[in-house]
Each structure stands twice: as C-alpha cells, then as structure tokens.
Amino acid sequence: MWSGPIPMVNIRDTELMREVLMKINEFQKPQTNPILKVVGTGVFQLEGHAWAKHRKLLNPAFHMEKLKLMLPAFNASVSDLIQKWEKMAMASNTGSFEVDTWIYLHKLSADVISRAAFSSSYEEGQRIFELITEQLQLVVPLVNSVYFPGWRFVPTKTNRRIMHIDREIKTLLKGIINKRKKAIKAGEKTNDDLLGLLLESNHTELGNYNNVNNKKQKIGITLEEVIGECKIFYLAGQETTSTLLAWTLIMLAKHQDWQARARDEVLNAFGRNSPDFHALNHFKTINMILQEVLRLYSPVAELHRTVCEDIKVGDIFLPAGVLVNLPLLDVQQDEKIWGSDAKEFNPDRFSEGIGKATGRNMSFFVFGWGPRICIGSNFAMIEARLALILILQHFTFELSPSYAHAPAAITTVQPQYGAPIIFKLLKS
C-alpha cells in the first residue's frame, strides 16, 4: 500500500503489533503537518531523550494516589451537568427531555480538565479551552488539505487568527504558571492539580544535575514546554473521555437490559450517594460495559509508526522510511480473536477480565501498548466511571428516533451526527 508517496505496511498480527509498539526507538511517530505544532506539542509527539524526560516529569501527576486528590474536581463537574439536566427534566411536562449528549459530554470533559489541571485558575482554564477549541477548528481543515511548505507563514485571515489565538493562550498560561512557580519558590503548598503536580515535579528535577563529561546538565523542562504539555492535557483528555462517554450512553440507551443491570449495581452499592475513589474500580458491570465500548469504539481507530532503521519484525523485513499502520479498531472487532459476535455489544465477554476475553491473545490496544501507553488512561477511566455512575443514579434514558448510527474517525471515533438521547428523571 501507499500513503501518498510513502510505502505503507498494514500489520494485523497482534504479536507483531506489540513488537512494533515496544520498540519505540526503531518505530517512531511519523512527521505531521508543521501547523499542528501551534495546537500543542508535548509527550504525545516527542521522541527519544526529549520524550523520556517529559514522560518522567509527567508520571507523578498521573499516579493513582495523585488522581485520588482530583476526585472532588471530577465530582463537581459531573454534578453540575446532572443539575442542568435535572432542571431540564423538571421544566418539562412529561419529566423527560431530549439532548444531544455529544455536545454536553464535550463540555463536561473540558470542564473536568479545567478543574483538574487549573483548579485555582478555573475561569482562566475555561477561557484557554475555548481558545484551543477555536484554534483546532481552524487548523484541522489546513491539515486535511494539500500541504504547501511555508503556507502557515502566509498572512491569510485564518493564519493570522491562529497565531493571535496562540499568543493569547501562551499569555494566559504563562500568567498561571508564573504565579504557581513563585508560590513553589516561596515554599507554599502546591495545588493538587495537574499543573501544580507537573511544576512540583519539574522544580525537583531542576534541582538535580547530571555530570556528563564534567559538565552540569539540567534535566527539567522549559516554560514553553510546560505550556505545550498543558495544551495536550486539554486536547487528549477532552477527546478521549467525551468519546467514550458518548458511545457508552448510546449503547446503554440501545441495550436497556445492560442499562438496568448497571443501574442496579450502582444503586445497590451506593444508592444516590457518590462513590469514593476506591469504590470506583469495584463496579464490575460498569467496568465490563466501558471495556466493551472501548473495544467497539476505540477512541483511536489506528496508529501509525515510521520505520527509523532497517529492521525485521517477525518474518517481515521493513526498510527505513516505510510507514507502518496498526489498525486497532479492526483487530478489536476481528471474529477470529473475539468470536462470531465480535461486532456486537456484549459486555459479558469481559466478565473474567481482558485476558480471558481475548483468549490470552492480548489484542486490546485501546490506550496503546508498551512504554508509550497512554499516560492519561487512568484519568480518563476515572472520569468515565464517575460520570456514568452519577447519570445512572439520576436518569433512565433511551435513544431518540432522530439518532443515526454513523461512527466516523475524525480526531477520535465519534458519532458523526451526534448522540441525541431522551432522558427521564429516575423516581426516588
């Protein structure tokens, strides 16, 4: 196969897919349109030593004990959404209402990121998100069009707006970051949010030095790099979770038996009370449902890697420069691996865990694999579990007659025509 002028190889064998994802130096992310750098750079796109440095600094912020501290932020955002929907239900004569949940869940994920990343600067965080969203809407059409080297420097109306937004985002982020850095230097307690944890980790690293050839080498990251990571928090965090929640509500609206099973599990365990952090992992039915939704509607349909040096993978010789395509979604719906019902919604397949569901084949790649597995996967799953639990505690729901099933791979695998769902308040 060819991807434009570049030869491309499709790899569907799960053993070989894992090998590609494990060898992060030999298989690296392909070059993208330079205009994307304005949207955000960071651990998602970096390679080699730069990637290792950023990943090391970010790891503490995504440790489960740190994520536990962010649960109040998650809860506040989801509770705000529930209250909005309750008001809509009470304003209706029937106690029911219809909304495009895709729009609301997108806003929910943005709200969670704003609180979890910039708790003490929440309003500024929301403004940053609005700007990043607008910037992305301007950039995506440029990425999908024919690439002309240097076009991003031509002062078109779109390019000028993109750069104006970039300057405003950087000004806002620099203001937030500089206030936090001053607080850290003054010995004040850091915020238990993603930005505070990242700056704390970076402050520690900047105090460490490696002696290389008798030269002192700082191993922290710069202000510009911190800004890049903050922008990636927004983009990756928002898209992944909003997509997962949208498809989960669609599937449960369609499969009322599973909706009832999940609600019974939640109400029997906690009634109308919010679960604590440790309980979130112990809702077996909820976890089975989320895993099945991820299998059927993996946020990322496929991964691409560029071969950096001549290499042999299994019996396949791959010369440097070849593009490798890993079709995650196809593999996760392969009947040879998952059985004859591979394309059907059946959470019971995960009743004994992921390993049993795949016959120990380990073909579940929803968050990637190997050293570059998604650093924010636990963050996304905590948000999804909590949101689903609170929605089930307050509402029953069904698909709107206007719903059209059309998964589309855009930035993630999204419902192309939205997710219109009819909600009804659950009787006490």
# chains A, B, ... in the order shown; residues from 1 in each chain; ligands from 1

$ residues_around --residues "Asn287 (chain A)" --least-positions-apart "4" --cutoff "12 Å" --atoms "only C-alpha atoms" --output "list in words"
Thr248, Ala262, Glu265, Val266, Ala279, Leu280, Asn281, His282, Phe283, Gln291, Glu292, Val293, Leu294, Pro347, Asp348, Arg349, Phe350, Ser351, Glu352, Gly353, Ile354, Met381, Ile382, Ala384, Arg385, Leu386, Leu388 and Ile389 of chain A

$ write_last_selection --atoms "N, CA and C atoms" --output "short mmCIF file (atom, residue, chain, number, x, y, z; two decimals), in the first residue's frame"
data_model
loop_
_atom_site.label_atom_id
_atom_site.label_comp_id
_atom_site.auth_asym_id
_atom_site.auth_seq_id
_atom_site.Cartn_x
_atom_site.Cartn_y
_atom_site.Cartn_z
N THR A 248 -20.88 5.11 25.25
CA THR A 248 -21.43 4.32 26.35
C THR A 248 -22.91 4.63 26.55
N ALA A 262 -26.55 -2.22 35.07
CA ALA A 262 -25.57 -1.25 35.58
C ALA A 262 -26.19 -0.39 36.69
N GLU A 265 -26.55 -2.30 39.94
CA GLU A 265 -25.25 -2.43 40.61
C GLU A 265 -24.91 -1.16 41.39
N VAL A 266 -25.13 -0.02 40.76
CA VAL A 266 -24.80 1.27 41.38
C VAL A 266 -25.70 1.55 42.57
N ALA A 279 -13.89 2.79 45.59
CA ALA A 279 -15.04 2.01 45.12
C ALA A 279 -15.18 2.04 43.60
N LEU A 280 -14.63 3.07 42.96
CA LEU A 280 -14.83 3.22 41.52
C LEU A 280 -14.33 2.03 40.71
N ASN A 281 -13.29 1.37 41.20
CA ASN A 281 -12.72 0.24 40.47
C ASN A 281 -13.48 -1.06 40.71
N HIS A 282 -14.43 -1.04 41.63
CA HIS A 282 -15.07 -2.30 42.04
C HIS A 282 -16.49 -2.46 41.53
N PHE A 283 -16.87 -1.63 40.56
CA PHE A 283 -18.16 -1.82 39.90
C PHE A 283 -17.93 -2.71 38.69
N GLN A 291 -15.29 -1.35 29.04
CA GLN A 291 -14.31 -2.10 28.25
C GLN A 291 -14.89 -2.52 26.90
N GLU A 292 -16.15 -2.93 26.91
CA GLU A 292 -16.78 -3.35 25.65
C GLU A 292 -16.97 -2.15 24.72
N VAL A 293 -17.33 -1.01 25.28
CA VAL A 293 -17.48 0.20 24.45
C VAL A 293 -16.13 0.59 23.86
N LEU A 294 -15.08 0.52 24.66
CA LEU A 294 -13.73 0.84 24.16
C LEU A 294 -13.31 -0.14 23.06
N PRO A 347 -20.97 -6.98 26.78
CA PRO A 347 -20.01 -6.77 27.87
C PRO A 347 -19.67 -8.03 28.64
N ASP A 348 -20.54 -9.06 28.56
CA ASP A 348 -20.26 -10.31 29.30
C ASP A 348 -18.94 -10.94 28.88
N ARG A 349 -18.44 -10.60 27.69
CA ARG A 349 -17.18 -11.18 27.24
C ARG A 349 -16.03 -10.78 28.19
N PHE A 350 -16.22 -9.68 28.94
CA PHE A 350 -15.19 -9.21 29.86
C PHE A 350 -15.45 -9.62 31.31
N SER A 351 -16.37 -10.55 31.51
CA SER A 351 -16.76 -10.92 32.88
C SER A 351 -15.61 -11.55 33.66
N GLU A 352 -14.65 -12.14 32.95
CA GLU A 352 -13.49 -12.75 33.63
C GLU A 352 -12.19 -12.02 33.28
N GLY A 353 -12.31 -10.78 32.86
CA GLY A 353 -11.12 -9.98 32.59
C GLY A 353 -10.76 -9.91 31.11
N ILE A 354 -9.85 -9.00 30.81
CA ILE A 354 -9.44 -8.77 29.42
C ILE A 354 -8.70 -9.97 28.85
N MET A 381 -10.47 6.95 32.60
CA MET A 381 -11.37 5.92 33.10
C MET A 381 -12.05 6.33 34.39
N ILE A 382 -11.34 7.05 35.26
CA ILE A 382 -11.96 7.54 36.50
C ILE A 382 -13.10 8.50 36.17
N ALA A 384 -14.81 8.70 33.37
CA ALA A 384 -15.90 7.98 32.70
C ALA A 384 -16.74 7.19 33.69
N ARG A 385 -16.07 6.48 34.62
CA ARG A 385 -16.81 5.69 35.61
C ARG A 385 -17.70 6.59 36.47
N LEU A 386 -17.12 7.67 36.97
CA LEU A 386 -17.87 8.56 37.85
C LEU A 386 -19.06 9.19 37.12
N LEU A 388 -20.68 8.09 34.46
CA LEU A 388 -21.70 7.08 34.15
C LEU A 388 -22.49 6.71 35.41
N ILE A 389 -21.80 6.54 36.52
CA ILE A 389 -22.46 6.18 37.78
C ILE A 389 -23.47 7.25 38.19
#

$ residues_around --residues "Leu138 (chain A)" --least-positions-apart "3" --cutoff "8 Å" --atoms "only C-alpha atoms" --output "mmCIF file with C-alpha atoms, in the first residue's frame"
data_model
loop_
_atom_site.group_PDB
_atom_site.id
_atom_site.type_symbol
_atom_site.label_atom_id
_atom_site.label_comp_id
_atom_site.auth_asym_id
_atom_site.auth_seq_id
_atom_site.Cartn_x
_atom_site.Cartn_y
_atom_site.Cartn_z
ATOM 1 C CA GLU A 134 -11.412 27.520 18.151
ATOM 2 C CA GLN A 135 -7.786 27.083 17.115
ATOM 3 C CA PRO A 141 -9.048 21.894 7.600
ATOM 4 C CA LEU A 142 -5.479 23.034 6.845
ATOM 5 C CA THR A 158 -7.090 32.146 9.046
ATOM 6 C CA ILE A 162 -4.463 31.034 14.518
#

$ select_by_dssp --residues "region 15-259 of chain A" --states "strand (DSSP E or B)" --output "VMD selection string"
chain A and resid 27 to 28 96 to 100 209 to 212 215 to 218

$ write_last_selection --atoms "N, CA and C atoms" --output "PDB file, in the first residue's frame"
ATOM      1  N   PHE A  27      10.667   2.347  15.866  1.00  0.00           N
ATOM      2  CA  PHE A  27       9.390   2.745  15.262  1.00  0.00           C
ATOM      3  C   PHE A  27       8.907   4.014  15.961  1.00  0.00           C
ATOM      4  N   GLN A  28       8.951   5.121  15.253  1.00  0.00           N
ATOM      5  CA  GLN A  28       8.576   6.394  15.860  1.00  0.00           C
ATOM      6  C   GLN A  28       7.372   7.006  15.149  1.00  0.00           C
ATOM      7  N   SER A  96     -39.443  14.361  31.041  1.00  0.00           N
ATOM      8  CA  SER A  96     -38.384  13.863  30.165  1.00  0.00           C
ATOM      9  C   SER A  96     -37.932  14.975  29.229  1.00  0.00           C
ATOM     10  N   PHE A  97     -36.769  14.807  28.663  1.00  0.00           N
ATOM     11  CA  PHE A  97     -36.227  15.815  27.751  1.00  0.00           C
ATOM     12  C   PHE A  97     -35.230  15.145  26.815  1.00  0.00           C
ATOM     13  N   GLU A  98     -35.015  15.765  25.671  1.00  0.00           N
ATOM     14  CA  GLU A  98     -34.063  15.227  24.695  1.00  0.00           C
ATOM     15  C   GLU A  98     -32.901  16.198  24.517  1.00  0.00           C
ATOM     16  N   VAL A  99     -31.685  15.662  24.526  1.00  0.00           N
ATOM     17  CA  VAL A  99     -30.497  16.490  24.279  1.00  0.00           C
ATOM     18  C   VAL A  99     -29.520  15.718  23.401  1.00  0.00           C
ATOM     19  N   ASP A 100     -28.688  16.461  22.714  1.00  0.00           N
ATOM     20  CA  ASP A 100     -27.563  15.844  22.014  1.00  0.00           C
ATOM     21  C   ASP A 100     -26.447  15.708  23.041  1.00  0.00           C
ATOM     22  N   TYR A 209      21.210  17.532  38.967  1.00  0.00           N
ATOM     23  CA  TYR A 209      22.144  17.710  37.854  1.00  0.00           C
ATOM     24  C   TYR A 209      22.823  16.387  37.545  1.00  0.00           C
ATOM     25  N   ASN A 210      23.043  16.159  36.272  1.00  0.00           N
ATOM     26  CA  ASN A 210      23.821  15.011  35.829  1.00  0.00           C
ATOM     27  C   ASN A 210      25.180  15.495  35.366  1.00  0.00           C
ATOM     28  N   ASN A 211      26.226  14.863  35.814  1.00  0.00           N
ATOM     29  CA  ASN A 211      27.555  15.218  35.338  1.00  0.00           C
ATOM     30  C   ASN A 211      27.873  14.416  34.083  1.00  0.00           C
ATOM     31  N   VAL A 212      27.935  15.111  32.954  1.00  0.00           N
ATOM     32  CA  VAL A 212      28.259  14.491  31.676  1.00  0.00           C
ATOM     33  C   VAL A 212      29.532  15.149  31.163  1.00  0.00           C
ATOM     34  N   LYS A 215      30.438  18.274  32.791  1.00  0.00           N
ATOM     35  CA  LYS A 215      29.580  19.431  32.559  1.00  0.00           C
ATOM     36  C   LYS A 215      28.254  19.205  33.287  1.00  0.00           C
ATOM     37  N   LYS A 216      27.737  20.262  33.875  1.00  0.00           N
ATOM     38  CA  LYS A 216      26.457  20.159  34.558  1.00  0.00           C
ATOM     39  C   LYS A 216      25.319  20.328  33.560  1.00  0.00           C
ATOM     40  N   GLN A 217      24.367  19.394  33.619  1.00  0.00           N
ATOM     41  CA  GLN A 217      23.272  19.407  32.652  1.00  0.00           C
ATOM     42  C   GLN A 217      21.934  19.390  33.382  1.00  0.00           C
ATOM     43  N   LYS A 218      21.131  20.437  33.212  1.00  0.00           N
ATOM     44  CA  LYS A 218      19.808  20.469  33.818  1.00  0.00           C
ATOM     45  C   LYS A 218      18.885  19.494  33.093  1.00  0.00           C
TER      46      LYS A 218
END

$ closest_atom_pairs --of "region 140-211 of chain A" --to "region 29-36 of chain A" --cutoff "12 Å" --atoms "only C-alpha atoms" --output "JSON lines"
{"residue": "A:Val140", "atom": "CA", "partner": "A:Leu36", "partner_atom": "CA", "distance": 8.4}
{"residue": "A:Pro141", "atom": "CA", "partner": "A:Ile35", "partner_atom": "CA", "distance": 10.9}
{"residue": "A:Leu142", "atom": "CA", "partner": "A:Ile35", "partner_atom": "CA", "distance": 8.0}
{"residue": "A:Val143", "atom": "CA", "partner": "A:Asn33", "partner_atom": "CA", "distance": 6.2}
{"residue": "A:Asn144", "atom": "CA", "partner": "A:Asn33", "partner_atom": "CA", "distance": 9.3}
{"residue": "A:Ser145", "atom": "CA", "partner": "A:Asn33", "partner_atom": "CA", "distance": 10.3}
{"residue": "A:Val146", "atom": "CA", "partner": "A:Asn33", "partner_atom": "CA", "distance": 10.2}
{"residue": "A:Tyr147", "atom": "CA", "partner": "A:Asn33", "partner_atom": "CA", "distance": 7.5}
{"residue": "A:Phe148", "atom": "CA", "partner": "A:Asn33", "partner_atom": "CA", "distance": 9.7}
{"residue": "A:Pro149", "atom": "CA", "partner": "A:Pro34", "partner_atom": "CA", "distance": 9.0}
{"residue": "A:Gly150", "atom": "CA", "partner": "A:Pro34", "partner_atom": "CA", "distance": 9.1}
{"residue": "A:Trp151", "atom": "CA", "partner": "A:Ile35", "partner_atom": "CA", "distance": 9.0}
{"residue": "A:Arg152", "atom": "CA", "partner": "A:Ile35", "partner_atom": "CA", "distance": 6.4}
{"residue": "A:Phe153", "atom": "CA", "partner": "A:Ile35", "partner_atom": "CA", "distance": 9.5}
{"residue": "A:Val154", "atom": "CA", "partner": "A:Ile35", "partner_atom": "CA", "distance": 11.9}
{"residue": "A:Thr158", "atom": "CA", "partner": "A:Ile35", "partner_atom": "CA", "distance": 11.9}
{"residue": "A:Asn159", "atom": "CA", "partner": "A:Ile35", "partner_atom": "CA", "distance": 9.5}
{"residue": "A:Ile162", "atom": "CA", "partner": "A:Ile35", "partner_atom": "CA", "distance": 9.5}
{"residue": "A:Met163", "atom": "CA", "partner": "A:Ile35", "partner_atom": "CA", "distance": 10.3}
{"residue": "A:Asp166", "atom": "CA", "partner": "A:Ile35", "partner_atom": "CA", "distance": 11.6}

$ closest_residue --among "A:Leu399, A:Leu105, A:Ile113, A:Leu197" --to "Ala61 (chain A)" --atoms "only C-alpha atoms"
A:Leu197

$ residues_around --residues "Val307 (chain A)" --least-positions-apart "6" --cutoff "7 Å" --atoms "only C-alpha atoms" --output "list in words"
Glu26, Phe27, Gln28, Pro319, Ala320, Gly321, Val322 and Leu323 of chain A

$ write_last_selection --atoms "N, CA and C atoms" --output "PDB file, in the first residue's frame"
ATOM      1  N   GLU A  26      13.036   2.265  17.260  1.00  0.00           N
ATOM      2  CA  GLU A  26      13.047   1.812  15.872  1.00  0.00           C
ATOM      3  C   GLU A  26      11.778   2.223  15.123  1.00  0.00           C
ATOM      4  N   PHE A  27      10.667   2.347  15.866  1.00  0.00           N
ATOM      5  CA  PHE A  27       9.390   2.745  15.262  1.00  0.00           C
ATOM      6  C   PHE A  27       8.907   4.014  15.961  1.00  0.00           C
ATOM      7  N   GLN A  28       8.951   5.121  15.253  1.00  0.00           N
ATOM      8  CA  GLN A  28       8.576   6.394  15.860  1.00  0.00           C
ATOM      9  C   GLN A  28       7.372   7.006  15.149  1.00  0.00           C
ATOM     10  N   PRO A 319      12.313  -1.823   5.476  1.00  0.00           N
ATOM     11  CA  PRO A 319      13.388  -0.841   5.296  1.00  0.00           C
ATOM     12  C   PRO A 319      13.035   0.489   5.959  1.00  0.00           C
ATOM     13  N   ALA A 320      14.056   1.245   6.306  1.00  0.00           N
ATOM     14  CA  ALA A 320      13.846   2.561   6.909  1.00  0.00           C
ATOM     15  C   ALA A 320      12.994   3.433   5.992  1.00  0.00           C
ATOM     16  N   GLY A 321      12.104   4.205   6.588  1.00  0.00           N
ATOM     17  CA  GLY A 321      11.263   5.119   5.818  1.00  0.00           C
ATOM     18  C   GLY A 321       9.871   4.610   5.537  1.00  0.00           C
ATOM     19  N   VAL A 322       9.664   3.295   5.720  1.00  0.00           N
ATOM     20  CA  VAL A 322       8.337   2.720   5.485  1.00  0.00           C
ATOM     21  C   VAL A 322       7.390   3.153   6.609  1.00  0.00           C
ATOM     22  N   LEU A 323       6.134   3.394   6.258  1.00  0.00           N
ATOM     23  CA  LEU A 323       5.104   3.730   7.239  1.00  0.00           C
ATOM     24  C   LEU A 323       4.379   2.450   7.646  1.00  0.00           C
TER      25      LEU A 323
END

$ atom_distance --atom1 "CA of Val324 (chain A)" --atom2 "CA of Ser363 (chain A)"
17.3 Å

$ residues_around --residues "Thr41 (chain A)" --least-positions-apart "3" --cutoff "10 Å" --atoms "only C-alpha atoms" --output "ChimeraX atom specification"
/A:36-38,44-46,224-232

$ residues_around --residues "region 174-185 of chain A" --least-positions-apart "3" --cutoff "9 Å" --atoms "only C-alpha atoms" --output "PyMOL selection string"
chain A and resi 118+121+124+169-171+188-191+195-196+199-200+203+223-224+226-227

$ write_last_selection --atoms "N, CA and C atoms" --output "PDB file, in the first residue's frame"
ATOM      1  N   PHE A 118      -6.222  23.145  36.345  1.00  0.00           N
ATOM      2  CA  PHE A 118      -6.002  24.512  36.838  1.00  0.00           C
ATOM      3  C   PHE A 118      -7.008  24.865  37.928  1.00  0.00           C
ATOM      4  N   SER A 121      -7.252  28.344  39.098  1.00  0.00           N
ATOM      5  CA  SER A 121      -7.382  29.304  37.992  1.00  0.00           C
ATOM      6  C   SER A 121      -8.443  28.790  37.022  1.00  0.00           C
ATOM      7  N   GLU A 124      -9.792  31.052  34.109  1.00  0.00           N
ATOM      8  CA  GLU A 124      -8.771  31.207  33.071  1.00  0.00           C
ATOM      9  C   GLU A 124      -8.622  29.909  32.292  1.00  0.00           C
ATOM     10  N   ILE A 169      -3.303  32.331  24.240  1.00  0.00           N
ATOM     11  CA  ILE A 169      -3.191  31.126  25.072  1.00  0.00           C
ATOM     12  C   ILE A 169      -1.894  31.153  25.874  1.00  0.00           C
ATOM     13  N   LYS A 170      -0.797  31.468  25.197  1.00  0.00           N
ATOM     14  CA  LYS A 170       0.502  31.495  25.881  1.00  0.00           C
ATOM     15  C   LYS A 170       0.538  32.551  26.978  1.00  0.00           C
ATOM     16  N   THR A 171      -0.074  33.711  26.729  1.00  0.00           N
ATOM     17  CA  THR A 171      -0.107  34.767  27.744  1.00  0.00           C
ATOM     18  C   THR A 171      -0.870  34.304  28.983  1.00  0.00           C
ATOM     19  N   GLU A 188       5.291  27.626  49.475  1.00  0.00           N
ATOM     20  CA  GLU A 188       3.865  27.405  49.705  1.00  0.00           C
ATOM     21  C   GLU A 188       3.452  26.028  49.193  1.00  0.00           C
ATOM     22  N   LYS A 189       2.356  25.518  49.757  1.00  0.00           N
ATOM     23  CA  LYS A 189       1.842  24.214  49.333  1.00  0.00           C
ATOM     24  C   LYS A 189       1.349  24.299  47.892  1.00  0.00           C
ATOM     25  N   THR A 190       1.741  23.329  47.076  1.00  0.00           N
ATOM     26  CA  THR A 190       1.315  23.321  45.674  1.00  0.00           C
ATOM     27  C   THR A 190      -0.101  22.772  45.555  1.00  0.00           C
ATOM     28  N   ASN A 191      -0.780  23.168  44.500  1.00  0.00           N
ATOM     29  CA  ASN A 191      -2.135  22.666  44.255  1.00  0.00           C
ATOM     30  C   ASN A 191      -2.089  21.207  43.827  1.00  0.00           C
ATOM     31  N   LEU A 195      -1.366  20.821  36.765  1.00  0.00           N
ATOM     32  CA  LEU A 195      -0.334  21.839  36.594  1.00  0.00           C
ATOM     33  C   LEU A 195       0.550  21.930  37.827  1.00  0.00           C
ATOM     34  N   GLY A 196      -0.060  21.950  39.010  1.00  0.00           N
ATOM     35  CA  GLY A 196       0.719  22.028  40.237  1.00  0.00           C
ATOM     36  C   GLY A 196       1.658  20.847  40.397  1.00  0.00           C
ATOM     37  N   LEU A 199       4.550  21.152  37.823  1.00  0.00           N
ATOM     38  CA  LEU A 199       5.531  22.165  38.225  1.00  0.00           C
ATOM     39  C   LEU A 199       6.341  21.705  39.431  1.00  0.00           C
ATOM     40  N   GLU A 200       5.693  21.006  40.348  1.00  0.00           N
ATOM     41  CA  GLU A 200       6.402  20.475  41.511  1.00  0.00           C
ATOM     42  C   GLU A 200       7.448  19.454  41.075  1.00  0.00           C
ATOM     43  N   HIS A 203      10.237  21.298  39.301  1.00  0.00           N
ATOM     44  CA  HIS A 203      11.059  22.045  40.263  1.00  0.00           C
ATOM     45  C   HIS A 203      12.068  21.114  40.934  1.00  0.00           C
ATOM     46  N   LEU A 223       9.630  26.723  30.267  1.00  0.00           N
ATOM     47  CA  LEU A 223       8.281  27.276  30.357  1.00  0.00           C
ATOM     48  C   LEU A 223       7.479  26.956  29.098  1.00  0.00           C
ATOM     49  N   GLU A 224       8.113  27.094  27.922  1.00  0.00           N
ATOM     50  CA  GLU A 224       7.427  26.795  26.660  1.00  0.00           C
ATOM     51  C   GLU A 224       6.991  25.331  26.609  1.00  0.00           C
ATOM     52  N   VAL A 226       6.318  23.410  29.252  1.00  0.00           N
ATOM     53  CA  VAL A 226       5.204  23.252  30.191  1.00  0.00           C
ATOM     54  C   VAL A 226       3.902  23.692  29.526  1.00  0.00           C
ATOM     55  N   ILE A 227       3.955  24.800  28.784  1.00  0.00           N
ATOM     56  CA  ILE A 227       2.780  25.295  28.059  1.00  0.00           C
ATOM     57  C   ILE A 227       2.304  24.247  27.050  1.00  0.00           C
TER      58      ILE A 227
END

$ atom_distance --atom1 "CA of Val43 (chain A)" --atom2 "CA of Ile373 (chain A)"
11.2 Å

$ closest_atom_pairs --of "region 159-249 of chain A" --to "region 412-422 of chain A" --cutoff "8 Å" --atoms "only C-alpha atoms" --output "JSON lines"
{"residue": "A:Glu239", "atom": "CA", "partner": "A:Thr412", "partner_atom": "CA", "distance": 6.8}
{"residue": "A:Thr240", "atom": "CA", "partner": "A:Thr412", "partner_atom": "CA", "distance": 7.3}
{"residue": "A:Thr243", "atom": "CA", "partner": "A:Gln414", "partner_atom": "CA", "distance": 6.1}
{"residue": "A:Ala246", "atom": "CA", "partner": "A:Ala419", "partner_atom": "CA", "distance": 6.7}
{"residue": "A:Trp247", "atom": "CA", "partner": "A:Pro415", "partner_atom": "CA", "distance": 7.6}
